[in-house]
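First the structure, in the form of C-alpha cells, and then the observations on it.
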Amino acid sequence: EQHRFGVEQRQSLYDKGNNTDVLMLSATPIPRTLASSLFFDMKVSTLKSHPKNRTGSQTFVIEENSIRSIVNDMKAYLKTKGQIYIVCPAIDVAHRYGIKTVESIVENIAPVFKDQTMAAIHGGMSSNDKRLIMSEFESGKIDILVCTTVIEVGVDVHNANMMIIYNAELFGLATLHQLRGRVGRGVVQGTTYLLSDAMEDEITQERLNAMLEYDSGFDLAMIDLRLRGFG
C-alpha cells in the first residue's frame, strides 16, 4: 500500500476520520518511513532480526573515486571464483555529467580485467535484457557486473561478495546500506568499498563514516533523516 497511498493521501484519510485501514510495509528503514511512523497515527511493528546464516559485509571508504588502490584485492578475490558488483550513479554522461557512469567504467576497466567476463545492467535496458543478464550473473557466467541501483533489491547471489560503489557521496545512507546488503548473503563475508573524492566535505565525511560505524538500517535512517530531511 506504500505505492497506492502517498503521504498527503494517507494523511487526508486520518484527518477525515475515515475508517479505512491502511497497511504500510517497508522492507528497509528510510527517512520517509520514519517520518510516517513519527507523524501519523499508526501502530508500528518493527522486525530487527537478521536472516539466519548471513555473515554481512565489512565496509571500507576509499578517499578517491578510483579502484587503483584496490585492483590487487579485486584480482585476488576473483581468483577464488567470486563475483563482483560495481555500482555507478549514472548510465552515461547524458544522464549525469562529471561522474562515473556504467558506460565509462565498462570501457575503462575492461583492459584491467581482460581475463574475466564483464556485463552491464541498468534501468535503460529492457526487462528481458535485464533478466537475461541477471540470469547469467546468478549462474556464474559473469564475473563482474557493472550496474546502477537496479540491483538494490531482489538480488540474492551468494557467490557475489564484493561490491564497489563509485561516487558514494551521491547516494543516501539508506541506499548505500541496501546496496551493501547484496553481498555477504551466505557463509562468505561480504566486502564493500565506498569510493569518493569528496571527503573534504564535512557532511560527506559524517555520512560515509556512519557507514563504517553502523550496520543497522534503523540507525543509518535516523542519520539520513537528520542530514537530508524526510525525502
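Just so we're on the same page: first chain in the C-alpha cells is A, next is B, and so on; residues restart at 1 for each chain, and ligands are numbered from 1 in the order they show up.
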
What's around Val188 of chain A at 8 Å? Count only C-alpha atoms, leave out sequence neighbours fewer than 2 positions away in its own chain, and write the answer as a compact mmCIF listing (two decimals) with all heavy atoms, in the first residue's frame.
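Output below, filename out.txt:
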```txt
# COMPACT_ATOMS: atom_id res chain seq x y z
N THR A 55 26.38 -13.55 6.92
CA THR A 55 27.59 -13.04 7.56
C THR A 55 27.71 -11.52 7.49
O THR A 55 28.48 -10.93 8.24
CB THR A 55 28.84 -13.66 6.91
OG1 THR A 55 28.79 -13.45 5.49
CG2 THR A 55 28.89 -15.15 7.18
N HIS A 158 24.72 -15.53 -3.76
CA HIS A 158 25.61 -15.81 -2.63
C HIS A 158 27.08 -15.87 -3.04
O HIS A 158 27.96 -15.74 -2.18
CB HIS A 158 25.21 -17.13 -1.97
CG HIS A 158 23.93 -17.05 -1.19
ND1 HIS A 158 23.61 -17.93 -0.18
CD2 HIS A 158 22.89 -16.17 -1.25
CE1 HIS A 158 22.43 -17.60 0.34
NE2 HIS A 158 21.98 -16.55 -0.32
N ASN A 161 30.36 -11.49 -3.49
CA ASN A 161 30.60 -10.99 -2.14
C ASN A 161 31.57 -9.81 -2.09
O ASN A 161 32.16 -9.53 -1.05
CB ASN A 161 31.10 -12.12 -1.25
CG ASN A 161 30.01 -13.11 -0.93
OD1 ASN A 161 29.01 -12.78 -0.31
ND2 ASN A 161 30.17 -14.34 -1.41
N GLY A 184 27.59 -10.66 1.10
CA GLY A 184 27.60 -11.29 2.42
C GLY A 184 26.28 -11.93 2.77
O GLY A 184 25.90 -11.99 3.94
N ARG A 185 25.59 -12.46 1.77
CA ARG A 185 24.27 -13.03 1.99
C ARG A 185 24.32 -14.53 2.30
O ARG A 185 23.30 -15.15 2.55
CB ARG A 185 23.37 -12.77 0.78
CG ARG A 185 23.20 -11.28 0.50
CD ARG A 185 22.33 -11.03 -0.74
NE ARG A 185 20.96 -11.44 -0.54
CZ ARG A 185 20.04 -10.72 0.09
NH1 ARG A 185 20.35 -9.54 0.59
NH2 ARG A 185 18.80 -11.16 0.22
N GLY A 186 25.52 -15.09 2.25
CA GLY A 186 25.68 -16.51 2.55
C GLY A 186 26.71 -16.71 3.63
O GLY A 186 26.80 -15.95 4.59
N GLY A 190 30.91 -10.45 3.12
CA GLY A 190 30.99 -9.52 2.02
C GLY A 190 31.97 -8.39 2.30
O GLY A 190 32.29 -8.09 3.45
```

(request) Could you give me the residues within segment 119-194 of chain A that DSSP places in helix (DSSP H, G or I), as a ChimeraX atom specification? (result) /A:127-138,149-151,168-170,173-180

(request) Show which residues sit within 7 Å of segment 195-200 of chain A, as a list of chain:residue names. Count only C-alpha atoms, and ignore same-chain residues fewer than 3 positions away. (result)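 With the cut-off at 7 Å, the set is A:Val61, A:Ile62, A:Glu63, A:Glu64, A:Asn65, A:Ser66, A:Ile165, A:Tyr166, A:Asn167, A:Ala168, A:Glu169, A:Thr204, A:Gln205.
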
(message) According to DSSP computed on the backbone, where in segment 103-213 of chain A is there strand (DSSP E or B)? Give the residues as an MDAnalysis selection string.
(response) chainID A and resid 118:121 144:147 160:165 190:195

Residue selection dump (N, CA and C atoms) as a compact mmCIF listing (two decimals), in the first residue's frame:
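This is the output file again.txt:
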```
# COMPACT_ATOMS: atom_id res chain seq x y z
N MET A 118 32.60 -9.68 -18.22
CA MET A 118 32.00 -8.48 -17.65
C MET A 118 30.72 -8.15 -18.40
N ALA A 119 29.75 -7.62 -17.67
CA ALA A 119 28.49 -7.21 -18.29
C ALA A 119 27.96 -6.00 -17.55
N ALA A 120 27.02 -5.30 -18.18
CA ALA A 120 26.41 -4.12 -17.59
C ALA A 120 24.91 -4.30 -17.51
N ILE A 121 24.32 -3.72 -16.48
CA ILE A 121 22.86 -3.74 -16.33
C ILE A 121 22.42 -2.41 -15.74
N ILE A 144 32.10 -9.91 -13.35
CA ILE A 144 31.96 -8.54 -12.87
C ILE A 144 30.71 -7.93 -13.48
N LEU A 145 29.81 -7.46 -12.63
CA LEU A 145 28.57 -6.83 -13.09
C LEU A 145 28.64 -5.34 -12.78
N VAL A 146 28.70 -4.51 -13.82
CA VAL A 146 28.70 -3.05 -13.67
C VAL A 146 27.26 -2.58 -13.79
N CYS A 147 26.79 -1.83 -12.81
CA CYS A 147 25.35 -1.59 -12.73
C CYS A 147 25.03 -0.26 -12.08
N ALA A 160 28.49 -13.69 -5.05
CA ALA A 160 28.95 -12.31 -5.29
C ALA A 160 29.11 -11.62 -3.94
N ASN A 161 30.36 -11.49 -3.49
CA ASN A 161 30.60 -10.99 -2.14
C ASN A 161 31.57 -9.81 -2.09
N MET A 162 31.71 -9.12 -3.22
CA MET A 162 32.47 -7.87 -3.23
C MET A 162 31.68 -6.83 -4.00
N MET A 163 31.61 -5.62 -3.44
CA MET A 163 30.89 -4.53 -4.10
C MET A 163 31.75 -3.26 -4.05
N ILE A 164 31.82 -2.58 -5.19
CA ILE A 164 32.50 -1.29 -5.28
C ILE A 164 31.46 -0.26 -5.69
N ILE A 165 31.37 0.84 -4.94
CA ILE A 165 30.38 1.88 -5.24
C ILE A 165 31.11 3.18 -5.56
N GLY A 190 30.91 -10.45 3.12
CA GLY A 190 30.99 -9.52 2.02
C GLY A 190 31.97 -8.39 2.30
N THR A 191 32.44 -7.76 1.22
CA THR A 191 33.31 -6.59 1.33
C THR A 191 32.74 -5.49 0.45
N THR A 192 32.54 -4.31 1.03
CA THR A 192 32.01 -3.17 0.30
C THR A 192 33.00 -2.02 0.35
N TYR A 193 33.35 -1.49 -0.83
CA TYR A 193 34.24 -0.34 -0.92
C TYR A 193 33.42 0.88 -1.36
N LEU A 194 33.45 1.93 -0.55
CA LEU A 194 32.79 3.18 -0.88
C LEU A 194 33.83 4.14 -1.43
N LEU A 195 33.74 4.49 -2.70
CA LEU A 195 34.72 5.36 -3.35
C LEU A 195 34.20 6.79 -3.40
```
